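Comments concern the structure below.
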Amino acid sequence: MLRGSARSTEQCDFPTAPTTPQQPRTSKEISRRRARGKPEQQPASDGMTLKINRNLDVPIQGAESSKASESATTGASLSIAVQPKPKVFLVDLDDSVTLALRDSGINATAGSFGTPYRCEISSSYQPWRNSERLPDGYAEQEIIFVDLACEPADGPIGELQCALDSDGYWIGCDKGIIDPRFSAAIVARPRFDRIVAAGGVVVVFAMPESGVSVVTGRKSRQTFHVKEPVQVDEWSFLGALKSVRVSRLSGEEIVVCEQQSLIGRALSAELFSMRYECTLHPIYNHTNWKVLAKNKFGDPVALGYSNDSKGSVFLLPQVDDKASLIKRLLTDVFPELFPHLYPGIDRGRWTHLPEYELRSVIELETARQNAIAMHKAAMAKLDADVSELRSKDGWLHDLLTETGDHLVEAVAAGLAELGFQNVVDMDKIRDRDGKPRREDLQIQDASPTLIVDVKGISNFPGDEDAMQAFKHAALFMREQNRTDVYGLSIVNHQRHLPPLDRDNAMPFRRELVDVALQNQQGLMTTWDLYRLVVNMRRHGWRSNDVKPVLYGHGRIRPIPKHYAFLGRVALVWAHAIGVDIEDGIVRIGDTLAIEFDVYFEEAQVLSLQVNTENRREAMTGDKTGIPWPEATSRPKKGLAVYVCRRSDADTGASSTVEAPPN
């Protein structure tokens with residue numbers, strides 16, 4: 001087949017489907033060994049057979065690979081530390097290759113383009129099943145080995161990727177083989193091209209194309225409709241391969257062109273077990289391709305490719321002992337040809353081994369490792385503390401995100417934090433008694449009892465959302481023959497938005513607020529409840545400062561009882577603010593509080609100026625300058641200012657707090 005001129009350059013990603021392990025590709029190799037007089041690999045001396053799963057797609061741990069290698073060979077394998085560079089990616093090679101490389105200290109990861117399977121020869125098409133496994137991080141590998149030889153499975157592998165009556169990929173049955181690897185090739189191609197352009201290396205053990213036809217189409221009422229052919233196959237994973245014509249021809253007589261070159265010596269060492277299954281003819285970009293080996297008729301069977309980048313591509317024949325050849329390439333050839341992939345290889349890295357390193361450097365390295373260990377321990381402790389705090393106080397975020405029972409539980413936790421002792425979850429009680437649910441919570445600490453209805457909604461509360469608590473309070477009053485009952489609606493409005501992006505100024509319509517005032521009902525947002533809790537923690541407010549807030553009527557804002565509205569910020573200087581006092585008196589020694597978007601900031605009054613005149617106090621109507629410390633948040637014009645008026649005699653929960661005018 002002519003590579004490339006009609007080849008699709010479409011770049012798209014496909015979902016990865018669960019796969020079934022492929023059938024091992026060993027029968028051909030065993031018969032080839034027998035024909036050449038080469039002994040088959042024998043099981044370990046203890047009688048155990050090493051079972052290989054060629055679809056390994058995760059790094060193999062050093063200790064495990066050592067044991068596997070030991071079972072399959074002499075029993076005396078020694079595990080070697082895996083080096084981080086270069087990163088080697090093995091596509092559709094046996095697990096034994098990955099094991100051998102990692103036992104040699106090579107950082108090898110495995111994956112698969114998918115598994116072909118046999119089908120009945122016919123003129124029909126079968127829908128594409130995805131069995132590829134391209135692990136996370138494969139796009140960052142540096143040296144890639146792809147084996148295009150694959151023993152087909154007996155039946156379908158992978159899962160269908162689209163409905164039969166929807167447009168999708170279909171594969172022809174005319175070859176008796178369904179080969180799904182074209183899809184992985186489409187996905188991998190831009191990544192592999194980028195790896196080569198960045199100086200990476202791709203080595204392909206060549207096989208002729210399977211020749212299956214791929215089309216897009218759909219099945220409708222038992223009739224298959226072809227939409228268009230797709231000019232891709234299992235060779236489409238690399239752009240450079242477009243310029244190679246692959247011809248089906250097999251044989252064993254191979255002549256290495258430059259036997260004294262590094263790559264020539266590596267190929268010559270494995271020549272006895274080498275066999276070509278196709279010939280490879282560059283059709284353009286001839287100067288970028290170099291013939292590495294030919295058959296007896298002079299046809300190229302191995303090629304090397306390079307361009308202006310440091311990257312290269314090698315197309316090689318099939319070889320029985322791929323682990324041996326790959327290891328030879330990675331340890332003897334590529335370090336010399338591609339030193340940029342082996343950091344430190346040309347700087348005497350062996351001098352840093354413990355046997356040769358300077359003693360003073362070893363001491364410093366030991367100290368460095370100890371420091372790293374201490375840092376890791378400290379970070380682990382901090383991570384554990386963070387997890388513990390998130391687990392302990394996660395209900396604070398639930399106030400702002402949740403709905404239903406989770407939101408009710410978060411509100412109950414918030415009320416308990418404010419100091420309420422007797423918060424009753426009525427949902428649990430009515431569920432236990434088999435009664436329909438009504439109000440969510442009751443606050444029974446004092447008279448009046450608060451009937452609390454909790455809602456989490458995506459938008460603004462409607463009449464039903466806001467007035468539900470009043471209806472439940474009226475039912476409770478009739479049942480209990482009481483009048484000291486108030487309703488309280490707590491709503492998590494616009495809950496899918498961050499709180500500061502919500503409309504917190506008017507979450508309830510003016511008409512709803514007026515009705516709530518008439519019915520002695522409170523309307524509150526979970527954002528305001530959140531602010532009450534976090535500011536209580538921040539400033540050490542007492543429970544008697546905040547509990548009375550929830551007994552208010554109409555729109556309830558998170559202003560504690562001991563805050564008295566004074567005015568608003570009119571001017572801002574570097575170290576002071578100007579306040580137009582609208583109501584009340586402020587004196588030197590008082591504590592002022594400014595309401596920011598989330599927190600209140602408090603500061604003591606150290607001096608006062610009214611019309612540039614120093615005063616001991618300022619009162620309603622005065623335009624007053626007050627020092628404000630730099631350490632707190634920067635005030636802005638229009639922010640509400642309060643003066644703290646607290647005495648030890650402040651008790652009870654019956655009073656309410658007047659909110660400042662908007």
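Simple scheme: letters A, B, ... for chains in structure tokens order, numbers from 1 for residues in each chain, numbers from 1 for ligands in the order shown.
Here the residues within stretch 176-271 of chain A that DSSP labels alpha helix (DSSP H) on the basis of the backbone are A:Arg181, A:Phe182, A:Ser183, A:Ala184, A:Ala185, A:Ile186, A:Val187, A:Ala188, A:Arg189, A:Pro190, A:Arg191, A:Phe192, A:Asp193, A:Arg194, A:Ile195, A:Val196, A:Ala197, A:Leu262, A:Ile263, A:Gly264, A:Arg265, A:Ala266, A:Leu267, A:Ser268, A:Ala269.
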Export N, CA and C atoms of the chosen residues as a PDB file, in the first residue's frame?
```pdb
ATOM      1  N   ARG A 181      -6.736  -1.128  15.072  1.00  0.00           N
ATOM      2  CA  ARG A 181      -5.591  -0.323  15.503  1.00  0.00           C
ATOM      3  C   ARG A 181      -5.513   1.037  14.820  1.00  0.00           C
ATOM      4  N   PHE A 182      -6.251   1.228  13.725  1.00  0.00           N
ATOM      5  CA  PHE A 182      -6.215   2.507  13.031  1.00  0.00           C
ATOM      6  C   PHE A 182      -6.654   3.652  13.948  1.00  0.00           C
ATOM      7  N   SER A 183      -7.607   3.370  14.861  1.00  0.00           N
ATOM      8  CA  SER A 183      -8.122   4.438  15.726  1.00  0.00           C
ATOM      9  C   SER A 183      -7.055   4.931  16.693  1.00  0.00           C
ATOM     10  N   ALA A 184      -6.295   4.000  17.282  1.00  0.00           N
ATOM     11  CA  ALA A 184      -5.212   4.400  18.169  1.00  0.00           C
ATOM     12  C   ALA A 184      -4.141   5.152  17.398  1.00  0.00           C
ATOM     13  N   ALA A 185      -3.927   4.753  16.126  1.00  0.00           N
ATOM     14  CA  ALA A 185      -2.940   5.450  15.306  1.00  0.00           C
ATOM     15  C   ALA A 185      -3.339   6.912  15.094  1.00  0.00           C
ATOM     16  N   ILE A 186      -4.627   7.151  14.864  1.00  0.00           N
ATOM     17  CA  ILE A 186      -5.102   8.528  14.690  1.00  0.00           C
ATOM     18  C   ILE A 186      -4.864   9.337  15.952  1.00  0.00           C
ATOM     19  N   VAL A 187      -5.161   8.733  17.098  1.00  0.00           N
ATOM     20  CA  VAL A 187      -4.990   9.431  18.372  1.00  0.00           C
ATOM     21  C   VAL A 187      -3.519   9.694  18.653  1.00  0.00           C
ATOM     22  N   ALA A 188      -2.668   8.690  18.372  1.00  0.00           N
ATOM     23  CA  ALA A 188      -1.257   8.788  18.759  1.00  0.00           C
ATOM     24  C   ALA A 188      -0.445   9.662  17.814  1.00  0.00           C
ATOM     25  N   ARG A 189      -0.890   9.791  16.567  1.00  0.00           N
ATOM     26  CA  ARG A 189      -0.033  10.437  15.568  1.00  0.00           C
ATOM     27  C   ARG A 189       0.446  11.834  15.960  1.00  0.00           C
ATOM     28  N   PRO A 190      -0.420  12.784  16.365  1.00  0.00           N
ATOM     29  CA  PRO A 190       0.117  14.114  16.705  1.00  0.00           C
ATOM     30  C   PRO A 190       1.063  14.072  17.894  1.00  0.00           C
ATOM     31  N   ARG A 191       0.825  13.147  18.838  1.00  0.00           N
ATOM     32  CA  ARG A 191       1.716  13.038  20.002  1.00  0.00           C
ATOM     33  C   ARG A 191       3.077  12.485  19.591  1.00  0.00           C
ATOM     34  N   PHE A 192       3.063  11.415  18.767  1.00  0.00           N
ATOM     35  CA  PHE A 192       4.321  10.809  18.334  1.00  0.00           C
ATOM     36  C   PHE A 192       5.109  11.773  17.446  1.00  0.00           C
ATOM     37  N   ASP A 193       4.409  12.497  16.557  1.00  0.00           N
ATOM     38  CA  ASP A 193       5.102  13.481  15.717  1.00  0.00           C
ATOM     39  C   ASP A 193       5.783  14.540  16.577  1.00  0.00           C
ATOM     40  N   ARG A 194       5.101  14.960  17.626  1.00  0.00           N
ATOM     41  CA  ARG A 194       5.684  15.978  18.508  1.00  0.00           C
ATOM     42  C   ARG A 194       6.895  15.432  19.255  1.00  0.00           C
ATOM     43  N   ILE A 195       6.841  14.164  19.649  1.00  0.00           N
ATOM     44  CA  ILE A 195       7.975  13.540  20.338  1.00  0.00           C
ATOM     45  C   ILE A 195       9.192  13.515  19.427  1.00  0.00           C
ATOM     46  N   VAL A 196       8.988  13.118  18.153  1.00  0.00           N
ATOM     47  CA  VAL A 196      10.114  13.083  17.212  1.00  0.00           C
ATOM     48  C   VAL A 196      10.636  14.491  16.957  1.00  0.00           C
ATOM     49  N   ALA A 197       9.720  15.454  16.794  1.00  0.00           N
ATOM     50  CA  ALA A 197      10.147  16.835  16.542  1.00  0.00           C
ATOM     51  C   ALA A 197      10.932  17.403  17.721  1.00  0.00           C
ATOM     52  N   LEU A 262      27.145   1.989  14.627  1.00  0.00           N
ATOM     53  CA  LEU A 262      26.535   1.574  15.896  1.00  0.00           C
ATOM     54  C   LEU A 262      25.257   0.784  15.656  1.00  0.00           C
ATOM     55  N   ILE A 263      24.376   1.324  14.812  1.00  0.00           N
ATOM     56  CA  ILE A 263      23.127   0.617  14.545  1.00  0.00           C
ATOM     57  C   ILE A 263      23.390  -0.653  13.748  1.00  0.00           C
ATOM     58  N   GLY A 264      24.410  -0.626  12.871  1.00  0.00           N
ATOM     59  CA  GLY A 264      24.756  -1.814  12.088  1.00  0.00           C
ATOM     60  C   GLY A 264      25.238  -2.938  12.971  1.00  0.00           C
ATOM     61  N   ARG A 265      26.061  -2.611  13.983  1.00  0.00           N
ATOM     62  CA  ARG A 265      26.556  -3.665  14.892  1.00  0.00           C
ATOM     63  C   ARG A 265      25.416  -4.263  15.699  1.00  0.00           C
ATOM     64  N   ALA A 266      24.468  -3.406  16.110  1.00  0.00           N
ATOM     65  CA  ALA A 266      23.338  -3.914  16.893  1.00  0.00           C
ATOM     66  C   ALA A 266      22.481  -4.854  16.063  1.00  0.00           C
ATOM     67  N   LEU A 267      22.222  -4.511  14.808  1.00  0.00           N
ATOM     68  CA  LEU A 267      21.428  -5.383  13.944  1.00  0.00           C
ATOM     69  C   LEU A 267      22.183  -6.672  13.619  1.00  0.00           C
ATOM     70  N   SER A 268      23.485  -6.559  13.396  1.00  0.00           N
ATOM     71  CA  SER A 268      24.277  -7.750  13.064  1.00  0.00           C
ATOM     72  C   SER A 268      24.269  -8.746  14.206  1.00  0.00           C
ATOM     73  N   ALA A 269      24.267  -8.259  15.439  1.00  0.00           N
ATOM     74  CA  ALA A 269      24.290  -9.156  16.603  1.00  0.00           C
ATOM     75  C   ALA A 269      23.019  -9.997  16.695  1.00  0.00           C
TER      76      ALA A 269
END
```
Can I get the residues of stretch 271-351 of chain A within 10 Å of stretch 138-153 of chain A, each with the closest pair of atoms and their distance in Å to one decimal, using only C-alpha atoms, sorted chain first then ascending number, as a Markdown table?
```
| residue | atom | partner | partner_atom | distance |
| --- | --- | --- | --- | --- |
| A:Glu277 | CA | A:Ala149 | CA | 9.4 |
| A:Gly311 | CA | A:Glu142 | CA | 9.4 |
| A:Ser312 | CA | A:Ile143 | CA | 9.6 |
| A:Val313 | CA | A:Ile144 | CA | 9.4 |
| A:Phe314 | CA | A:Phe145 | CA | 9.4 |
| A:Leu315 | CA | A:Val146 | CA | 9.6 |
| A:Leu316 | CA | A:Asp147 | CA | 9.7 |
| A:Pro317 | CA | A:Asp147 | CA | 9.9 |
| A:Gln318 | CA | A:Ala149 | CA | 7.9 |
| A:Lys322 | CA | A:Asp147 | CA | 9.5 |
| A:Ile326 | CA | A:Phe145 | CA | 8.3 |
| A:Leu330 | CA | A:Ile143 | CA | 8.9 |
| A:Phe334 | CA | A:Ile143 | CA | 9.5 |
| A:Leu341 | CA | A:Glu142 | CA | 7.3 |
```
Those same residues, written as a compact mmCIF listing (two decimals), in the first residue's frame with N, CA and C atoms?
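See out29.txt below for the written result:
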```txt
# COMPACT_ATOMS: atom_id res chain seq x y z
N GLU A 277 9.21 -9.29 7.08
CA GLU A 277 7.86 -9.64 6.63
C GLU A 277 7.37 -8.69 5.54
N GLY A 311 15.38 14.27 16.44
CA GLY A 311 14.65 13.02 16.51
C GLY A 311 14.92 12.11 15.33
N SER A 312 14.60 10.83 15.49
CA SER A 312 14.82 9.83 14.44
C SER A 312 13.73 8.78 14.50
N VAL A 313 13.60 8.07 13.34
CA VAL A 313 12.67 6.95 13.22
C VAL A 313 13.44 5.78 12.62
N PHE A 314 13.25 4.59 13.18
CA PHE A 314 13.89 3.39 12.66
C PHE A 314 12.80 2.36 12.33
N LEU A 315 12.82 1.83 11.12
CA LEU A 315 11.93 0.74 10.72
C LEU A 315 12.79 -0.52 10.60
N LEU A 316 12.49 -1.51 11.44
CA LEU A 316 13.34 -2.71 11.53
C LEU A 316 12.53 -3.95 11.20
N PRO A 317 13.21 -5.04 10.78
CA PRO A 317 12.52 -6.32 10.58
C PRO A 317 12.08 -6.91 11.92
N GLN A 318 11.32 -7.98 11.84
CA GLN A 318 10.94 -8.71 13.03
C GLN A 318 12.15 -9.49 13.55
N LYS A 322 13.32 -9.75 20.91
CA LYS A 322 13.20 -8.30 20.87
C LYS A 322 13.78 -7.65 22.12
N ILE A 326 16.34 -4.53 21.83
CA ILE A 326 15.93 -3.24 22.41
C ILE A 326 16.90 -2.82 23.51
N LEU A 330 19.17 0.54 23.54
CA LEU A 330 19.03 1.54 24.61
C LEU A 330 20.31 1.75 25.40
N PHE A 334 21.87 4.11 21.40
CA PHE A 334 21.20 5.40 21.54
C PHE A 334 21.95 6.38 22.45
N LEU A 341 19.04 12.53 25.19
CA LEU A 341 18.03 11.72 25.89
C LEU A 341 18.59 11.04 27.13
```
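Atom CA of A:His397 to atom CA of A:Asp503 spans 18.2 Å [interatomic distance, one decimal].
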Which residues, written as number ranges by chain, have at least one atom at most 9 Å from stretch 455-467 of chain A, with only C-alpha atoms counted and residues fewer than 4 positions away on the same chain left out?
A: 399-404, 407-408, 471-472, 487-497, 503, 507-509, 512, 515-516, 521, 523, 526
Write the residues of the selection above to a file with N, CA and C atoms, as a short mmCIF file (atom, residue, chain, number, x, y, z; two decimals), in the first residue's frame.
```cif
data_model
loop_
_atom_site.label_atom_id
_atom_site.label_comp_id
_atom_site.auth_asym_id
_atom_site.auth_seq_id
_atom_site.Cartn_x
_atom_site.Cartn_y
_atom_site.Cartn_z
N LEU A 399 -23.17 24.73 53.58
CA LEU A 399 -24.14 25.82 53.70
C LEU A 399 -24.31 26.56 52.38
N LEU A 400 -23.27 26.58 51.57
CA LEU A 400 -23.24 27.40 50.36
C LEU A 400 -23.44 26.60 49.09
N THR A 401 -23.41 25.28 49.18
CA THR A 401 -23.49 24.46 47.97
C THR A 401 -24.62 23.44 47.97
N GLU A 402 -25.06 23.01 49.14
CA GLU A 402 -25.94 21.84 49.21
C GLU A 402 -27.42 22.21 49.18
N THR A 403 -28.24 21.17 49.07
CA THR A 403 -29.68 21.27 49.19
C THR A 403 -30.17 20.01 49.89
N GLY A 404 -31.44 19.94 50.22
CA GLY A 404 -31.98 18.73 50.84
C GLY A 404 -31.42 18.47 52.23
N LEU A 407 -28.06 20.03 53.34
CA LEU A 407 -28.15 21.45 53.72
C LEU A 407 -28.78 21.59 55.10
N VAL A 408 -29.80 20.80 55.40
CA VAL A 408 -30.43 20.85 56.73
C VAL A 408 -29.41 20.52 57.81
N LYS A 471 -46.24 28.99 57.19
CA LYS A 471 -47.34 28.02 57.17
C LYS A 471 -47.12 26.92 58.20
N HIS A 472 -45.86 26.46 58.29
CA HIS A 472 -45.58 25.40 59.27
C HIS A 472 -45.71 25.93 60.69
N GLY A 487 -41.76 31.86 62.53
CA GLY A 487 -41.22 31.13 61.39
C GLY A 487 -39.88 31.73 60.95
N LEU A 488 -38.98 30.89 60.47
CA LEU A 488 -37.68 31.34 59.98
C LEU A 488 -37.34 30.54 58.72
N SER A 489 -37.27 31.22 57.59
CA SER A 489 -36.86 30.57 56.34
C SER A 489 -35.39 30.86 56.08
N ILE A 490 -34.60 29.81 55.92
CA ILE A 490 -33.17 29.95 55.60
C ILE A 490 -32.96 29.34 54.22
N VAL A 491 -32.53 30.17 53.27
CA VAL A 491 -32.49 29.77 51.86
C VAL A 491 -31.07 29.88 51.32
N ASN A 492 -30.61 28.81 50.69
CA ASN A 492 -29.34 28.83 49.95
C ASN A 492 -29.69 29.16 48.50
N HIS A 493 -29.78 30.45 48.19
CA HIS A 493 -30.23 30.89 46.87
C HIS A 493 -29.05 30.92 45.90
N GLN A 494 -29.34 30.78 44.61
CA GLN A 494 -28.32 30.79 43.55
C GLN A 494 -27.12 29.92 43.96
N ARG A 495 -27.40 28.73 44.43
CA ARG A 495 -26.39 27.91 45.10
C ARG A 495 -25.28 27.42 44.17
N HIS A 496 -25.48 27.51 42.86
CA HIS A 496 -24.44 27.08 41.93
C HIS A 496 -23.43 28.18 41.65
N LEU A 497 -23.65 29.37 42.19
CA LEU A 497 -22.71 30.48 42.00
C LEU A 497 -21.86 30.67 43.25
N ASP A 503 -26.76 37.65 44.12
CA ASP A 503 -27.44 38.89 44.49
C ASP A 503 -27.76 38.80 45.98
N PRO A 507 -32.03 39.22 47.85
CA PRO A 507 -32.34 37.83 47.51
C PRO A 507 -33.84 37.54 47.61
N PHE A 508 -34.56 38.34 48.42
CA PHE A 508 -36.01 38.18 48.58
C PHE A 508 -36.70 39.42 48.00
N ARG A 509 -37.79 39.21 47.28
CA ARG A 509 -38.54 40.34 46.75
C ARG A 509 -39.08 41.22 47.87
N LEU A 512 -42.19 40.00 49.52
CA LEU A 512 -42.01 38.89 50.47
C LEU A 512 -41.49 39.39 51.80
N VAL A 515 -44.44 40.96 53.68
CA VAL A 515 -45.32 39.93 54.25
C VAL A 515 -44.66 39.27 55.45
N ALA A 516 -43.37 39.02 55.37
CA ALA A 516 -42.66 38.40 56.50
C ALA A 516 -42.70 39.30 57.73
N GLN A 521 -42.17 36.73 60.70
CA GLN A 521 -41.33 35.66 60.16
C GLN A 521 -40.00 36.24 59.73
N LEU A 523 -36.53 36.01 57.30
CA LEU A 523 -35.99 35.53 56.02
C LEU A 523 -34.48 35.71 56.05
N THR A 526 -28.33 31.40 53.59
CA THR A 526 -27.27 30.61 54.20
C THR A 526 -25.93 31.35 54.15
#
```
Atom CA of A:Pro448 and atom CA of A:Ser543 are how many Å apart?
17.2 Å
Quick one: which stretch 487-582 of chain A residues come within 9 Å of stretch 586-601 of chain A, and what is the nearest atom pair for each with the distance in Å to one decimal, counting only C-alpha atoms, rows ordered by chain and ascending number, as JSON lines?
```
{"residue": "A:Leu500", "atom": "CA", "partner": "A:Asp597", "partner_atom": "CA", "distance": 7.5}
{"residue": "A:Arg531", "atom": "CA", "partner": "A:Val598", "partner_atom": "CA", "distance": 6.3}
{"residue": "A:Val534", "atom": "CA", "partner": "A:Tyr599", "partner_atom": "CA", "distance": 7.7}
{"residue": "A:Asn535", "atom": "CA", "partner": "A:Tyr599", "partner_atom": "CA", "distance": 6.1}
{"residue": "A:Arg538", "atom": "CA", "partner": "A:Tyr599", "partner_atom": "CA", "distance": 8.4}
{"residue": "A:His539", "atom": "CA", "partner": "A:Phe600", "partner_atom": "CA", "distance": 8.6}
{"residue": "A:Tyr563", "atom": "CA", "partner": "A:Ala593", "partner_atom": "CA", "distance": 7.9}
{"residue": "A:Leu566", "atom": "CA", "partner": "A:Val586", "partner_atom": "CA", "distance": 8.0}
{"residue": "A:Arg568", "atom": "CA", "partner": "A:Ile594", "partner_atom": "CA", "distance": 8.7}
{"residue": "A:Val569", "atom": "CA", "partner": "A:Ile594", "partner_atom": "CA", "distance": 8.5}
{"residue": "A:Ile581", "atom": "CA", "partner": "A:Val586", "partner_atom": "CA", "distance": 8.8}
```
Those residues with all heavy atoms, as a tab-separated table (two decimals), in the first residue's frame please?
```
chain	number	residue	atom	x	y	z
A	500	LEU	N	-20.12	35.49	46.48
A	500	LEU	CA	-19.92	36.90	46.17
A	500	LEU	C	-20.44	37.26	44.78
A	500	LEU	O	-20.53	38.44	44.45
A	500	LEU	CB	-18.43	37.27	46.30
A	500	LEU	CG	-17.87	37.20	47.72
A	500	LEU	CD1	-16.39	37.58	47.74
A	500	LEU	CD2	-18.66	38.08	48.68
A	531	ARG	N	-21.66	33.88	57.30
A	531	ARG	CA	-20.91	35.06	57.76
A	531	ARG	C	-21.02	35.24	59.27
A	531	ARG	O	-20.05	35.65	59.93
A	531	ARG	CB	-21.42	36.31	57.04
A	531	ARG	CG	-21.11	36.33	55.54
A	531	ARG	CD	-21.58	37.62	54.91
A	531	ARG	NE	-20.89	38.76	55.47
A	531	ARG	CZ	-21.38	40.00	55.51
A	531	ARG	NH1	-22.58	40.23	55.00
A	531	ARG	NH2	-20.68	40.98	56.04
A	534	VAL	N	-18.48	32.57	60.76
A	534	VAL	CA	-17.04	32.81	60.57
A	534	VAL	C	-16.61	34.09	61.29
A	534	VAL	O	-15.47	34.18	61.80
A	534	VAL	CB	-16.67	32.86	59.08
A	534	VAL	CG1	-16.92	31.52	58.42
A	534	VAL	CG2	-17.39	33.98	58.34
A	535	ASN	N	-17.47	35.09	61.37
A	535	ASN	CA	-17.10	36.32	62.09
A	535	ASN	C	-17.17	36.13	63.60
A	535	ASN	O	-16.40	36.74	64.34
A	535	ASN	CB	-18.01	37.48	61.66
A	535	ASN	CG	-17.56	38.08	60.34
A	535	ASN	OD1	-16.56	38.79	60.29
A	535	ASN	ND2	-18.30	37.79	59.28
A	538	ARG	N	-13.91	34.66	64.26
A	538	ARG	CA	-12.83	35.62	64.02
A	538	ARG	C	-12.67	36.61	65.17
A	538	ARG	O	-11.56	36.94	65.58
A	538	ARG	CB	-13.12	36.35	62.71
A	538	ARG	CG	-12.05	37.33	62.24
A	538	ARG	CD	-12.54	38.03	60.98
A	538	ARG	NE	-11.58	38.96	60.44
A	538	ARG	CZ	-10.68	38.69	59.52
A	538	ARG	NH1	-10.63	37.45	59.03
A	538	ARG	NH2	-9.85	39.60	59.07
A	539	HIS	N	-13.82	37.08	65.70
A	539	HIS	CA	-13.78	38.16	66.70
A	539	HIS	C	-14.17	37.71	68.10
A	539	HIS	O	-14.20	38.54	69.02
A	539	HIS	CB	-14.70	39.30	66.26
A	539	HIS	CG	-14.30	39.92	64.96
A	539	HIS	ND1	-13.12	40.60	64.78
A	539	HIS	CD2	-14.94	39.94	63.74
A	539	HIS	CE1	-13.04	41.03	63.53
A	539	HIS	NE2	-14.12	40.63	62.87
A	563	TYR	N	-23.54	45.29	67.90
A	563	TYR	CA	-23.14	46.27	66.89
A	563	TYR	C	-24.28	47.28	66.72
A	563	TYR	O	-25.43	46.90	66.45
A	563	TYR	CB	-22.89	45.61	65.54
A	563	TYR	CG	-21.51	45.00	65.34
A	563	TYR	CD1	-20.65	44.78	66.41
A	563	TYR	CD2	-21.07	44.65	64.07
A	563	TYR	CE1	-19.40	44.22	66.22
A	563	TYR	CE2	-19.82	44.08	63.86
A	563	TYR	CZ	-18.99	43.86	64.95
A	563	TYR	OH	-17.75	43.30	64.76
A	566	LEU	N	-23.58	53.14	62.95
A	566	LEU	CA	-23.09	54.49	63.19
A	566	LEU	C	-23.18	55.35	61.94
A	566	LEU	O	-23.56	56.52	62.00
A	566	LEU	CB	-21.63	54.42	63.67
A	566	LEU	CG	-20.99	55.74	64.13
A	566	LEU	CD1	-21.65	56.23	65.42
A	566	LEU	CD2	-19.49	55.54	64.37
A	568	ARG	N	-21.63	55.51	57.44
A	568	ARG	CA	-20.93	54.87	56.34
A	568	ARG	C	-19.63	55.59	56.05
A	568	ARG	O	-19.48	56.78	56.35
A	568	ARG	CB	-21.80	54.84	55.08
A	568	ARG	CG	-23.03	53.97	55.24
A	568	ARG	CD	-23.80	53.83	53.95
A	568	ARG	NE	-24.97	52.98	54.16
A	568	ARG	CZ	-24.97	51.65	54.13
A	568	ARG	NH1	-23.85	51.01	53.88
A	568	ARG	NH2	-26.08	50.98	54.33
A	569	VAL	N	-18.70	54.84	55.47
A	569	VAL	CA	-17.41	55.42	55.11
A	569	VAL	C	-17.65	56.44	53.99
A	569	VAL	O	-18.20	56.11	52.94
A	569	VAL	CB	-16.42	54.34	54.65
A	569	VAL	CG1	-15.12	54.98	54.18
A	569	VAL	CG2	-16.15	53.35	55.79
A	581	ILE	N	-21.53	60.47	60.49
A	581	ILE	CA	-22.28	59.78	61.56
A	581	ILE	C	-23.77	60.05	61.33
A	581	ILE	O	-24.23	61.20	61.39
A	581	ILE	CB	-21.83	60.26	62.95
A	581	ILE	CG1	-20.35	59.90	63.14
A	581	ILE	CG2	-22.69	59.62	64.03
A	581	ILE	CD1	-19.80	60.31	64.49
```
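Atom CA of A:Pro558 is found 5.4 Å from atom CA of A:Asp528.
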Select, from A:Leu418, A:Val641, A:Cys119, A:Val579, the residue with the minimum atom-to-atom distance to A:Ala603, counting only C-alpha atoms.
A:Val641
Among stretch 601-656 of chain A, which ones does DSSP assign to strand (DSSP E or B) (computed from the backbone)? Answer as a VMD selection string.
chain A and resid 601 to 604 608 to 610 613 to 615 617 to 619 623 to 627 640 to 644
Nearest-residue call for A:Glu234, choices A:Asp174, A:Asp501, A:Val214, A:Val203, using only C-alpha atoms:
A:Val214
Which residues are near A:Leu571? Cut-off 9 Å, only C-alpha atoms, ignore same chain within fewer than 3 positions. Put them as a VMD selection string.
chain A and resid 576 to 579 625 636 to 638
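Residue nearest A:Arg218, chosen from A:Tyr125, A:Val255, A:Val610, A:Pro180 and counting only C-alpha atoms: A:Tyr125.
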